[in-house]
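Heads up, my_file_11.txt below (compact mmCIF, C-alpha atoms):
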# COMPACT_ATOMS: atom_id res chain seq x y z
CA MET A 157 -41.97 96.64 63.86
CA GLU A 158 -42.79 100.24 63.01
CA GLU A 159 -42.40 100.95 59.30
CA LYS A 160 -40.05 103.82 58.57
CA ASN A 161 -41.10 106.56 56.19
CA LEU A 162 -38.37 106.00 53.59
CA THR A 163 -37.65 107.79 50.37
CA LEU A 164 -35.39 107.44 47.34
CA PRO A 165 -32.27 109.57 47.84
CA GLY A 166 -32.04 111.79 44.77
CA SER A 167 -34.18 113.60 42.26
CA CYS A 168 -32.89 112.33 38.91
CA THR A 169 -35.51 110.33 37.01
CA LEU A 170 -35.53 107.73 34.26
CA ASP A 171 -36.86 110.33 31.82
CA HIS A 172 -33.92 112.67 32.61
CA ASP A 173 -33.33 114.68 29.47
CA GLY A 174 -29.86 115.95 30.28
CA CYS A 175 -26.58 114.45 29.22
CA VAL A 176 -26.62 110.68 29.80
CA VAL A 177 -22.87 110.35 30.23
CA CYS A 178 -22.60 112.98 32.87
CA SER A 179 -22.45 111.35 36.23
CA ASP A 180 -25.38 113.22 37.69
CA ALA A 181 -27.63 111.06 35.51
CA GLY A 182 -27.55 108.38 38.17
CA VAL A 183 -31.11 107.44 38.94
CA PRO A 184 -32.18 105.82 42.22
CA VAL A 185 -34.73 103.14 41.27
CA ARG A 186 -36.65 100.51 43.19
CA VAL A 187 -36.75 96.94 41.88
CA ILE A 188 -40.31 95.88 41.00
CA SER A 189 -39.56 92.47 39.50
CA VAL A 190 -36.52 90.51 38.38
CA GLU A 191 -36.18 88.39 35.27
CA GLY A 192 -32.74 86.86 34.69
CA ASP A 193 -30.14 89.63 34.33
CA ASP A 194 -32.77 92.36 33.95
CA ALA A 195 -35.13 93.97 36.42
CA LEU A 196 -38.19 96.14 35.99
CA CYS A 197 -37.44 99.23 38.08
CA GLU A 198 -39.31 102.38 39.08
CA ASP A 199 -38.04 105.87 39.93
CA TRP A 200 -39.64 108.29 42.42
CA ALA A 201 -41.82 109.81 39.73
CA GLY A 202 -43.32 106.44 38.78
CA ASN A 203 -41.38 106.04 35.51
CA ARG A 204 -40.55 102.39 34.87
CA ALA A 205 -37.77 100.86 32.78
CA GLU A 206 -35.98 97.59 32.32
CA ILE A 207 -32.53 97.86 33.90
CA ALA A 208 -29.63 95.43 33.48
CA VAL A 209 -28.61 94.20 36.92
CA ASP A 210 -25.62 91.93 36.07
CA LEU A 211 -23.18 94.27 37.85
CA VAL A 212 -25.08 94.30 41.15
CA ALA A 213 -26.37 90.72 41.14
CA PRO A 214 -28.08 89.18 42.97
CA VAL A 215 -30.91 91.68 43.43
CA ARG A 216 -34.18 91.34 45.31
CA VAL A 217 -37.57 92.92 44.74
CA GLY A 218 -37.82 96.13 46.77
CA GLU A 219 -34.08 96.92 46.75
CA VAL A 220 -32.94 100.36 45.60
CA LEU A 221 -30.29 100.56 42.87
CA LEU A 222 -28.44 103.36 41.10
CA ALA A 223 -29.18 103.15 37.36
CA HIS A 224 -27.01 104.84 34.75
CA GLY A 225 -27.66 104.47 31.02
CA GLY A 226 -29.93 101.46 31.48
CA VAL A 227 -27.51 99.59 33.74
CA ALA A 228 -27.47 99.34 37.55
CA ILE A 229 -24.00 100.36 38.76
CA GLY A 230 -24.57 100.32 42.50
CA ARG A 231 -26.87 99.94 45.46
CA VAL A 232 -28.38 102.89 47.25
CA GLU A 233 -29.43 103.45 50.86
CA GLU A 234 -32.83 104.94 51.33
CA VAL A 235 -33.12 107.94 53.59
CA GLU A 236 -35.72 108.66 56.21
CA LYS A 237 -38.17 111.45 55.37
CA LYS A 238 -37.99 114.38 57.72
CA MET B 198 -40.64 116.83 43.75
CA LYS B 199 -41.59 114.97 46.91
CA TYR B 200 -38.47 112.81 46.99
CA SER B 201 -35.94 115.56 46.54
CA ARG B 202 -37.29 117.78 49.32
CA GLU B 203 -34.90 116.32 51.88
CA PHE B 204 -31.92 117.53 49.86
CA ARG B 205 -33.31 120.92 48.83
CA ASN B 206 -34.47 122.33 52.15
CA ALA B 207 -33.85 126.08 52.03
CA ASP B 208 -33.58 126.56 55.82
CA LEU B 209 -31.04 123.78 56.08
CA ALA B 210 -29.11 125.22 53.11
CA ARG B 211 -28.96 128.64 54.80
CA ALA B 212 -27.80 127.03 58.05
CA VAL B 213 -25.00 125.13 56.28
CA ALA B 214 -24.01 128.27 54.37
CA ALA B 215 -23.84 130.21 57.66
CA GLU B 216 -21.60 127.53 59.13
CA ILE B 217 -19.32 127.71 56.08
CA ALA B 218 -19.15 131.51 56.42
CA ALA B 219 -18.34 131.21 60.14
CA ILE B 220 -15.22 129.11 59.54
CA THR B 221 -14.01 131.00 56.45
CA ASP B 222 -10.83 132.98 57.07
CA PRO B 223 -11.62 136.46 55.65
CA LYS B 224 -7.95 137.01 54.79
CA ARG B 225 -7.64 133.83 52.77
CA HIS B 226 -8.68 132.90 49.22
CA TYR B 227 -9.92 129.33 48.73
CA LYS B 228 -9.90 127.57 45.37
CA ILE B 229 -12.05 124.45 45.34
CA MET B 230 -12.43 122.41 42.15
CA GLU B 231 -15.60 120.45 41.46
CA VAL B 232 -14.28 117.73 39.18
CA CYS B 233 -17.63 116.64 37.77
CA GLY B 234 -19.70 118.54 35.21
CA GLY B 235 -22.83 117.41 37.05
CA HIS B 236 -21.65 119.33 40.12
CA THR B 237 -21.05 122.44 38.00
CA HIS B 238 -24.61 122.13 36.76
CA THR B 239 -26.05 121.81 40.29
CA ILE B 240 -23.97 124.76 41.55
CA TYR B 241 -25.34 127.12 38.88
CA ARG B 242 -28.84 125.72 38.64
CA HIS B 243 -29.40 126.19 42.37
CA GLY B 244 -27.36 129.36 42.85
CA ILE B 245 -25.01 127.73 45.35
CA LYS B 246 -22.19 130.10 44.43
CA ASP B 247 -24.26 133.00 45.79
CA LEU B 248 -24.61 131.32 49.18
CA LEU B 249 -20.85 131.14 49.66
CA PRO B 250 -18.49 133.79 51.05
CA GLU B 251 -16.62 135.61 48.28
CA GLN B 252 -13.34 134.14 49.56
CA ILE B 253 -14.42 130.74 48.20
CA GLU B 254 -13.84 130.33 44.49
CA LEU B 255 -15.30 127.28 42.76
CA VAL B 256 -13.20 126.11 39.82
CA HIS B 257 -14.81 123.89 37.22
CA GLY B 258 -12.97 120.67 36.44
CA PRO B 259 -12.54 118.38 33.44
CA GLY B 260 -15.28 115.93 34.42
CA CYS B 261 -17.55 116.21 31.39
CA PRO B 262 -16.72 113.40 28.95
CA VAL B 263 -18.29 115.17 25.99
CA CYS B 264 -16.29 118.33 26.70
CA VAL B 265 -12.87 116.69 26.95
CA LEU B 266 -13.13 114.69 23.72
CA PRO B 267 -10.79 116.18 21.10
CA MET B 268 -12.06 117.08 17.64
CA GLY B 269 -10.01 114.37 15.93
CA ARG B 270 -11.99 111.65 17.70
CA VAL B 271 -15.29 113.24 16.60
CA ASP B 272 -13.95 113.22 13.03
CA ASP B 273 -13.02 109.54 13.38
CA GLY B 274 -16.55 108.76 14.59
CA ILE B 275 -18.06 110.66 11.67
CA ARG B 276 -15.84 108.72 9.25
CA ILE B 277 -17.30 105.45 10.56
CA ALA B 278 -20.86 106.85 10.53
CA GLU B 279 -20.56 107.77 6.84
CA ARG B 280 -20.18 104.13 5.81
CA PRO B 281 -23.37 102.92 4.09
CA GLU B 282 -23.52 99.57 5.90
CA VAL B 283 -23.29 101.19 9.34
CA ILE B 284 -25.98 102.16 11.81
CA PHE B 285 -24.03 104.56 14.03
CA THR B 286 -25.36 105.02 17.56
CA CYS B 287 -24.41 107.54 20.24
CA PHE B 288 -25.68 109.41 23.30
CA GLY B 289 -27.69 112.56 22.62
CA ASP B 290 -25.11 115.15 23.62
CA MET B 291 -22.51 113.66 21.30
CA MET B 292 -24.68 114.49 18.27
CA ARG B 293 -23.95 118.22 18.40
CA VAL B 294 -20.25 118.21 19.26
CA PRO B 295 -18.42 119.88 16.40
CA GLY B 296 -15.84 117.95 14.41
CA SER B 297 -13.58 119.78 11.99
CA LYS B 298 -16.13 119.46 9.15
CA GLY B 299 -19.44 119.34 10.97
CA ASN B 300 -21.23 117.29 13.59
CA LEU B 301 -23.20 114.03 13.64
CA ILE B 302 -26.57 115.78 13.30
CA GLU B 303 -25.40 117.38 10.05
CA MET B 304 -24.11 114.01 8.84
CA LYS B 305 -27.50 112.49 9.68
CA ALA B 306 -29.23 115.24 7.67
CA GLU B 307 -26.99 114.33 4.74
CA GLY B 308 -28.20 110.73 4.87
CA ALA B 309 -25.95 108.86 7.29
CA ASP B 310 -27.86 106.39 9.49
CA ILE B 311 -27.09 107.89 12.90
CA ARG B 312 -29.34 107.12 15.85
CA MET B 313 -29.45 108.45 19.37
CA VAL B 314 -29.57 105.84 22.13
CA TYR B 315 -30.00 106.06 25.89
CA SER B 316 -27.93 102.97 26.66
CA PRO B 317 -25.32 100.85 24.85
CA LEU B 318 -27.78 98.00 25.42
CA ASP B 319 -30.17 99.84 23.04
CA ALA B 320 -27.41 99.78 20.41
CA LEU B 321 -26.98 96.03 20.94
CA ARG B 322 -30.72 95.57 20.52
CA LEU B 323 -30.49 97.41 17.17
CA ALA B 324 -27.77 94.96 16.13
CA ARG B 325 -30.05 92.03 17.01
CA GLU B 326 -32.92 93.58 15.05
CA ASN B 327 -30.79 94.45 11.99
CA PRO B 328 -28.57 91.44 11.29
CA GLU B 329 -27.86 92.65 7.74
CA ARG B 330 -26.37 95.95 9.02
CA GLU B 331 -23.29 96.79 11.12
CA VAL B 332 -24.15 98.61 14.34
CA VAL B 333 -21.44 100.77 15.93
CA PHE B 334 -21.75 102.40 19.36
CA PHE B 335 -19.80 105.62 20.03
CA ALA B 336 -18.77 104.94 23.64
CA ILE B 337 -17.80 107.93 25.79
CA GLY B 338 -17.83 108.52 29.51
CA PHE B 339 -15.86 108.11 32.71
CA GLU B 340 -15.96 105.12 35.05
CA THR B 341 -19.67 105.76 35.65
CA THR B 342 -20.49 104.86 32.06
CA ALA B 343 -17.70 102.43 31.12
CA PRO B 344 -19.31 99.51 33.07
CA SER B 345 -22.43 99.71 30.89
CA THR B 346 -20.29 99.39 27.75
CA ALA B 347 -18.38 96.50 29.35
CA LEU B 348 -21.62 94.76 30.27
CA THR B 349 -22.98 95.27 26.75
CA LEU B 350 -19.88 93.72 25.17
CA LYS B 351 -20.03 90.77 27.57
CA ARG B 352 -23.63 90.16 26.52
CA ALA B 353 -22.74 90.58 22.81
CA LYS B 354 -19.97 87.98 23.18
CA LYS B 355 -22.20 85.57 25.10
CA GLU B 356 -24.92 85.86 22.45
CA GLY B 357 -22.44 85.61 19.56
CA ILE B 358 -23.61 88.86 17.97
CA GLU B 359 -21.12 89.67 15.21
CA ASN B 360 -22.58 92.80 13.61
CA PHE B 361 -21.87 94.99 16.65
CA SER B 362 -18.77 96.99 17.55
CA VAL B 363 -17.75 99.84 19.85
CA PHE B 364 -15.76 102.98 19.02
CA CYS B 365 -14.25 103.32 22.46
CA ASN B 366 -13.52 106.74 23.97
CA HIS B 367 -13.91 105.91 27.64
CA VAL B 368 -11.61 107.86 29.94
CA ASN B 369 -10.42 107.62 33.53
CA ILE B 370 -10.84 110.45 36.03
CA ILE B 371 -7.67 110.03 38.10
CA PRO B 372 -4.99 110.81 35.43
CA PRO B 373 -6.38 114.28 34.49
CA VAL B 374 -6.79 115.16 38.17
CA ARG B 375 -3.17 114.21 38.73
CA ALA B 376 -2.22 116.32 35.68
CA LEU B 377 -4.09 119.30 37.16
CA LEU B 378 -2.32 118.84 40.48
CA GLU B 379 1.00 118.86 38.61
CA SER B 380 0.03 121.95 36.60
CA PRO B 381 1.98 125.10 37.48
CA ASP B 382 -1.00 127.24 36.26
CA LEU B 383 -3.31 126.20 39.02
CA ARG B 384 -3.10 126.03 42.80
CA LEU B 385 -6.07 124.22 44.29
CA ASP B 386 -6.97 124.00 47.97
CA ALA B 387 -9.36 121.04 47.68
CA PHE B 388 -11.47 118.88 45.41
CA ILE B 389 -15.16 118.06 45.39
CA GLY B 390 -14.89 114.46 44.19
CA PRO B 391 -17.21 112.97 41.55
CA GLY B 392 -20.06 111.06 43.20
CA HIS B 393 -21.20 108.51 40.67
CA VAL B 394 -17.74 107.74 39.28
CA SER B 395 -16.94 106.81 42.88
CA THR B 396 -19.90 104.42 43.02
CA VAL B 397 -17.78 102.31 40.67
CA ILE B 398 -14.16 103.08 41.67
CA GLY B 399 -14.77 103.82 45.36
CA CYS B 400 -12.88 106.43 47.39
CA ARG B 401 -9.49 104.79 47.69
CA PRO B 402 -8.15 106.06 44.31
CA TYR B 403 -8.34 109.65 45.63
CA GLU B 404 -6.04 109.01 48.58
CA PHE B 405 -2.98 110.17 46.59
CA MET B 406 -4.45 113.69 46.44
CA ALA B 407 -4.24 114.05 50.20
CA ALA B 408 -1.13 111.91 50.72
CA ASP B 409 1.06 113.16 47.85
CA TYR B 410 -0.27 116.66 47.15
CA GLY B 411 -1.72 117.75 50.49
CA THR B 412 -5.10 118.44 48.87
CA PRO B 413 -8.29 117.29 50.63
CA CYS B 414 -11.04 115.61 48.62
CA VAL B 415 -14.68 115.14 49.60
CA VAL B 416 -16.73 112.81 47.39
CA ALA B 417 -20.09 114.51 46.91
CA GLY B 418 -23.64 113.85 45.77
CA PHE B 419 -25.55 115.94 43.26
CA GLU B 420 -28.34 117.59 45.24
CA PRO B 421 -27.79 121.21 46.37
CA LEU B 422 -27.43 120.22 50.03
CA ASP B 423 -24.93 117.52 49.06
CA ILE B 424 -22.69 120.17 47.49
CA LEU B 425 -23.07 122.61 50.39
CA GLN B 426 -22.33 119.90 52.95
CA SER B 427 -19.25 118.83 50.96
CA ILE B 428 -17.95 122.40 50.91
CA LEU B 429 -18.52 122.59 54.67
CA MET B 430 -16.59 119.31 55.15
CA ILE B 431 -13.73 120.72 53.03
CA MET B 432 -13.71 124.03 54.93
CA ARG B 433 -13.61 122.14 58.25
CA GLN B 434 -10.60 120.14 57.05
CA LEU B 435 -8.83 123.32 55.95
CA ALA B 436 -9.68 125.14 59.19
CA GLU B 437 -8.49 122.23 61.34
CA GLY B 438 -5.37 121.60 59.26
CA ARG B 439 -6.57 118.13 58.26
CA CYS B 440 -6.04 116.67 54.79
CA GLU B 441 -8.14 113.60 54.07
CA VAL B 442 -10.45 111.87 51.63
CA GLU B 443 -13.99 111.96 53.00
CA ASN B 444 -17.22 110.54 51.64
CA GLN B 445 -20.22 112.87 51.87
CA TYR B 446 -22.21 110.63 49.48
CA SER B 447 -22.08 107.45 51.55
CA ARG B 448 -25.75 106.68 50.83
CA VAL B 449 -24.61 105.82 47.27
CA VAL B 450 -20.80 105.45 47.32
CA PRO B 451 -19.20 102.44 49.05
CA TRP B 452 -15.58 103.10 50.04
CA GLU B 453 -14.40 100.11 47.96
CA GLY B 454 -16.59 100.85 44.90
CA ASN B 455 -18.42 98.20 42.88
CA LEU B 456 -16.10 95.20 42.48
CA GLN B 457 -18.40 93.46 39.98
CA ALA B 458 -18.33 96.52 37.72
CA LEU B 459 -14.54 96.85 38.07
CA GLU B 460 -14.11 93.17 37.15
CA ALA B 461 -16.27 93.58 34.03
CA MET B 462 -14.21 96.63 33.00
CA ALA B 463 -10.94 94.77 33.58
CA GLU B 464 -12.15 91.95 31.34
CA VAL B 465 -13.37 94.11 28.46
CA PHE B 466 -10.96 97.07 28.47
CA GLU B 467 -7.26 97.74 28.73
CA LEU B 468 -5.43 101.01 29.28
CA ARG B 469 -4.29 103.01 26.26
CA PRO B 470 -0.65 104.10 26.56
CA TYR B 471 -1.82 107.69 26.10
CA PHE B 472 -4.91 109.64 25.00
CA GLU B 473 -5.49 113.22 23.96
CA TRP B 474 -7.73 115.37 26.18
CA ARG B 475 -9.18 118.60 24.96
CA GLY B 476 -7.36 121.41 26.73
CA LEU B 477 -5.10 119.10 28.70
CA GLY B 478 -3.14 117.51 25.85
CA PHE B 479 -1.88 113.92 25.88
CA ILE B 480 -2.12 112.15 29.23
CA ALA B 481 -0.53 108.74 29.80
CA GLN B 482 -2.81 105.81 30.68
CA SER B 483 -5.84 108.04 30.89
CA ALA B 484 -8.22 106.17 28.58
CA LEU B 485 -9.54 102.72 27.80
CA LYS B 486 -9.46 100.63 24.64
CA ILE B 487 -11.14 97.33 23.91
CA SER B 488 -9.05 94.43 25.29
CA GLU B 489 -7.43 91.72 23.19
CA ALA B 490 -10.11 89.20 24.23
CA TYR B 491 -12.84 91.49 22.84
CA SER B 492 -10.86 92.98 19.91
CA HIS B 493 -13.34 91.66 17.34
CA PHE B 494 -15.81 94.21 18.80
CA ASP B 495 -13.33 97.09 18.40
CA ALA B 496 -14.58 99.52 15.72
CA GLU B 497 -11.10 101.03 15.44
CA ILE B 498 -9.85 97.64 14.22
CA ARG B 499 -12.94 96.82 12.17
CA TYR B 500 -12.94 100.17 10.32
CA GLU B 501 -10.10 102.41 9.32
CA THR B 502 -10.12 105.60 11.33
CA PRO B 503 -7.79 108.40 10.26
CA GLY B 504 -6.70 109.19 13.82
CA VAL B 505 -5.65 112.70 12.80
CA ARG B 506 -5.05 115.26 15.52
CA VAL B 507 -7.21 118.34 14.89
CA ALA B 508 -6.54 121.61 16.68
CA ASP B 509 -9.46 123.52 18.20
CA PRO B 510 -10.61 126.71 16.41
CA LYS B 511 -8.22 129.52 17.30
CA ALA B 512 -10.89 131.65 18.96
CA CYS B 513 -12.02 128.77 21.20
CA GLN B 514 -10.62 128.82 24.77
CA CYS B 515 -12.22 125.58 26.00
CA GLY B 516 -8.78 124.35 27.02
CA GLU B 517 -8.17 127.18 29.49
CA VAL B 518 -11.69 126.83 30.88
CA LEU B 519 -11.27 123.05 31.27
CA LYS B 520 -8.06 123.60 33.22
CA GLY B 521 -9.80 126.13 35.46
CA VAL B 522 -7.46 128.92 34.31
CA LEU B 523 -10.32 130.93 32.78
CA LYS B 524 -13.92 131.22 33.91
CA PRO B 525 -16.40 130.58 31.04
CA HIS B 526 -17.46 134.24 30.79
CA GLN B 527 -13.80 135.24 30.41
CA CYS B 528 -13.49 133.29 27.12
CA ARG B 529 -13.26 135.72 24.21
CA VAL B 530 -16.14 134.11 22.27
CA PHE B 531 -18.46 133.25 25.22
CA GLY B 532 -22.04 134.27 24.45
CA THR B 533 -21.08 135.93 21.15
CA ALA B 534 -19.58 133.60 18.54
CA CYS B 535 -20.18 130.62 20.87
CA THR B 536 -23.69 129.97 22.22
CA PRO B 537 -25.67 126.79 22.98
CA GLU B 538 -27.48 127.23 19.64
CA HIS B 539 -24.21 127.61 17.70
CA PRO B 540 -21.42 126.18 19.85
CA LEU B 541 -17.81 126.57 18.83
CA GLY B 542 -16.50 124.47 21.67
CA ALA B 543 -17.73 121.34 23.42
CA LEU B 544 -18.14 123.13 26.76
CA MET B 545 -21.07 125.01 25.26
CA VAL B 546 -22.58 121.88 23.67
CA SER B 547 -23.06 119.56 26.60
CA SER B 548 -25.80 120.54 29.00
CA GLU B 549 -23.31 119.82 31.80
CA GLY B 550 -20.46 121.79 30.22
CA ALA B 551 -19.27 124.73 32.32
CA CYS B 552 -19.97 127.27 29.56
CA ALA B 553 -23.51 125.97 28.97
CA ALA B 554 -24.15 126.07 32.74
CA TYR B 555 -22.98 129.71 32.92
CA TYR B 556 -24.97 130.66 29.83
CA ASN B 557 -28.20 128.85 30.71
CA PHE B 558 -28.30 130.04 34.30
CA GLY B 559 -27.63 133.67 33.52
CA ARG B 560 -24.01 134.02 34.62
CA LYS B 561 -22.92 135.79 31.47
CA THR B 562 -20.65 138.20 33.32
CA GLY B 563 -19.74 136.11 36.35
CA GLU B 564 -21.54 138.48 38.71
CA ARG B 565 -22.72 137.31 42.12
CA VAL B 566 -26.36 137.49 43.14
CA GLY B 567 -27.26 138.42 46.70
CA ALA B 568 -23.98 137.23 48.18
CA GLY B 569 -24.10 135.85 51.67
CA ARG B 570 -27.86 135.68 52.00

Could you render the structure as structure tokens?
Amino acid sequence: MEEKNLTLPGSCTLDHDGCVVCSDAGVPVRVISVEGDDALCEDWAGNRAEIAVDLVAPVRVGEVLLAHGGVAIGRVEEVEKK
Amino acid sequence: MKYSREFRNADLARAVAAEIAAITDPKRHYKIMEVCGGHTHTIYRHGIKDLLPEQIELVHGPGCPVCVLPMGRVDDGIRIAERPEVIFTCFGDMMRVPGSKGNLIEMKAEGADIRMVYSPLDALRLARENPEREVVFFAIGFETTAPSTALTLKRAKKEGIENFSVFCNHVNIIPPVRALLESPDLRLDAFIGPGHVSTVIGCRPYEFMAADYGTPCVVAGFEPLDILQSILMIMRQLAEGRCEVENQYSRVVPWEGNLQALEAMAEVFELRPYFEWRGLGFIAQSALKISEAYSHFDAEIRYETPGVRVADPKACQCGEVLKGVLKPHQCRVFGTACTPEHPLGALMVSSEGACAAYYNFGRKTGERVGAGR
């Protein structure tokens, strides 16, 4: 099967220095590894952080989540690069 | 910025703007409210206002949790932070919001142990690491942020951590929107709905806007093309006489929201009978408190908080700006007595506040730049 050229859908990063509580600080991150209720995740810029995944469990390596304040609050569809 | 290119393509933006212009009735004035402070920020950061026909007015809504918190609650937080046994934790923007006698940064300078955290889970970690101290988290935010507080309290309960509590100021987005729709001051043609709040609550809660008030709502993402496409979707609805809730941000927002997050919130929180909003006054069932089952984590029960209502400084017109009645530059102290360096009102403090967005992106007089390009 041909591999699609996919990308994370948004530009916010884990080192976002704006207001955390504002909703635009939702960071699309890819799951690198899972350990219990936490997952090591990576944003498009290569920043990595441990994210709590209780609210989107179960998660798999490679999935893309929306992280907000250290917690995954949803799943995200990747988009195809144009 | 390789991953954001898809949503910041200038040619595509111009094409969408041209389509918006083509279906705009030149004899009509359109008032569209972006509910979320993050949208306000994107609109000014990327100059979206200048791409729109002058008939379209964007009105900035109450969707910045820092901005809508009344002074009395800041004072209550400071009162807890002053206690010697307490490590008081909060998000960065909360540190500079003025209370009636100063802000948390000033209290920290005077010796209070106040620490900035990125996540409530960081505050819980501090409680684990400092069993001899009491760690309090100043929780603010809409439904985007409330699940992280709920999750943190569930973990604290499971682990039996007793030296941790939450000063809860979480608020719900629907009640103030309903209050705005009821307001005689403001006639709105449509809403740009908050994207990440909707990740949690879904799109269904907005259906009353269309059904009861005849006001379309398009849930939108936060990239410049997301906003432009949402405005186009709204303008199409208005041109075709439709009135619906639509989801522009379907790559992130499921129509039903996140049921696991909603369940966690239902377990940990309950509705307050009423809560004061800066500029909007008291709104029934618009905020969350810690539920009975988690009441031993409630800082308002653990510590005495005065709960005094404090009026905003007389010169400050944050209330009118929050209701969309005034534009930031029309406030009498905008850019003079109130600046990001020395804010009088919360709208100038938060980086996503409407006044800070106007000030930081050079809209000090509300002028348009290169309209219609």

Per residue of chain B within 6 Å of chain A, record the nearest atom pair and its distance in Å to one decimal, counting all atoms listed in the file, with rows in chain order and ascending residue number, as a Markdown table.
| residue | atom | partner | partner_atom | distance |
| --- | --- | --- | --- | --- |
| B:Ser201 | CA | A:Ser167 | CA | 5.0 |
| B:Gly235 | CA | A:Asp180 | CA | 4.9 |
| B:Asp290 | CA | A:Cys175 | CA | 5.8 |
| B:Tyr315 | CA | A:Gly225 | CA | 5.9 |
| B:Ser316 | CA | A:Gly225 | CA | 4.6 |
| B:Gly338 | CA | A:Val177 | CA | 5.4 |
| B:Ser345 | CA | A:Val227 | CA | 5.8 |
| B:His393 | CA | A:Ser179 | CA | 5.4 |
| B:Arg448 | CA | A:Glu233 | CA | 4.9 |
| B:Val449 | CA | A:Val232 | CA | 4.8 |
| B:Gln457 | CA | A:Leu211 | CA | 5.3 |
| B:Ala458 | CA | A:Leu211 | CA | 5.3 |

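Taking all atoms listed in the file, the non-local environment of range 320-326 of chain B within 7 Å (same-chain residues fewer than 5 positions away omitted) comprises Thr286, Val314, Glu331, Val332, Phe334, Asn360 and Phe361 of chain B.
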
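Restricting the calculation to all atoms listed in the file, the smallest distance between Asn369 in chain B and any of B:Lys305, B:Lys511, B:Arg293, B:Arg469 is found for B:Arg469.
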
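Atom pair CA of Gly521 in chain B / CA of Leu255 in chain B: separated by 9.2 Å.
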
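Across the model, the gap from CA of Ile370 in chain B to CA of Asp409 in chain B is 17.0 Å.
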
> Could you work out how far CA of Phe364 in chain B lies from CA of Glu307 in chain B, giving the answer in Å with one decimal?
Replying inline: 21.4 Å

> If you count only C-alpha atoms, which residues fall within 8 Å of Arg529 in chain B, apart from same-chain ones fewer than 5 positions away, as number ranges by chain?
Replying inline: B: 512-514

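Closest approach to Cys287 in chain B from the set B:Arg384, B:Lys486, B:Arg439, B:Arg312 is made by B:Arg312, with distances taken over all atoms listed in the file.
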
> Within 12 Å of (-27.6, 127.2, 58.1), only C-alpha atoms: residues as JSON, numbers by chain?
Replying inline: {"B": [206, 207, 208, 209, 210, 211, 212, 213, 214, 215, 216, 217, 218, 219, 248, 249, 422, 425, 426, 429, 569, 570]}

> Which one of B:Met462, B:Met230, B:Leu519, B:Ala534 sits closest to Gly476 in chain B if you count only C-alpha atoms?
Replying inline: B:Leu519

Can you tell me which residues surround range 541-547 of chain B at a distance of at most 10 Å, considering only C-alpha atoms, apart from same-chain residues fewer than 6 positions away, and format the answer as an mmCIF file with C-alpha atoms, keeping the file's coordinate frame?
data_model
loop_
_atom_site.group_PDB
_atom_site.id
_atom_site.type_symbol
_atom_site.label_atom_id
_atom_site.label_comp_id
_atom_site.auth_asym_id
_atom_site.auth_seq_id
_atom_site.Cartn_x
_atom_site.Cartn_y
_atom_site.Cartn_z
ATOM 1 C CA GLY A 174 -29.860 115.950 30.280
ATOM 2 C CA CYS A 175 -26.580 114.450 29.220
ATOM 3 C CA VAL A 177 -22.870 110.350 30.230
ATOM 4 C CA CYS A 178 -22.600 112.980 32.870
ATOM 5 C CA GLY B 234 -19.700 118.540 35.210
ATOM 6 C CA PRO B 259 -12.540 118.380 33.440
ATOM 7 C CA CYS B 261 -17.550 116.210 31.390
ATOM 8 C CA PRO B 262 -16.720 113.400 28.950
ATOM 9 C CA VAL B 263 -18.290 115.170 25.990
ATOM 10 C CA CYS B 264 -16.290 118.330 26.700
ATOM 11 C CA VAL B 265 -12.870 116.690 26.950
ATOM 12 C CA LEU B 266 -13.130 114.690 23.720
ATOM 13 C CA PRO B 267 -10.790 116.180 21.100
ATOM 14 C CA MET B 268 -12.060 117.080 17.640
ATOM 15 C CA GLY B 289 -27.690 112.560 22.620
ATOM 16 C CA ASP B 290 -25.110 115.150 23.620
ATOM 17 C CA MET B 291 -22.510 113.660 21.300
ATOM 18 C CA MET B 292 -24.680 114.490 18.270
ATOM 19 C CA ARG B 293 -23.950 118.220 18.400
ATOM 20 C CA VAL B 294 -20.250 118.210 19.260
ATOM 21 C CA PRO B 295 -18.420 119.880 16.400
ATOM 22 C CA GLY B 296 -15.840 117.950 14.410
ATOM 23 C CA ARG B 475 -9.180 118.600 24.960
ATOM 24 C CA ASP B 509 -9.460 123.520 18.200
ATOM 25 C CA PRO B 510 -10.610 126.710 16.410
ATOM 26 C CA ALA B 512 -10.890 131.650 18.960
ATOM 27 C CA CYS B 513 -12.020 128.770 21.200
ATOM 28 C CA GLN B 514 -10.620 128.820 24.770
ATOM 29 C CA CYS B 515 -12.220 125.580 26.000
ATOM 30 C CA GLY B 516 -8.780 124.350 27.020
ATOM 31 C CA VAL B 518 -11.690 126.830 30.880
ATOM 32 C CA LEU B 519 -11.270 123.050 31.270
ATOM 33 C CA PRO B 525 -16.400 130.580 31.040
ATOM 34 C CA VAL B 530 -16.140 134.110 22.270
ATOM 35 C CA PHE B 531 -18.460 133.250 25.220
ATOM 36 C CA GLY B 532 -22.040 134.270 24.450
ATOM 37 C CA ALA B 534 -19.580 133.600 18.540
ATOM 38 C CA CYS B 535 -20.180 130.620 20.870
ATOM 39 C CA ALA B 553 -23.510 125.970 28.970
ATOM 40 C CA ALA B 554 -24.150 126.070 32.740
ATOM 41 C CA TYR B 555 -22.980 129.710 32.920
ATOM 42 C CA TYR B 556 -24.970 130.660 29.830
ATOM 43 C CA ASN B 557 -28.200 128.850 30.710
#

>> Residues near range 215-217 of chain A, anyone? I mean within 6 Å using all atoms listed in the file, not counting same-chain ones fewer than 2 positions away, as a list in words.
In response: Val187, Ile188, Ser189, Ala213 and Glu219 of chain A
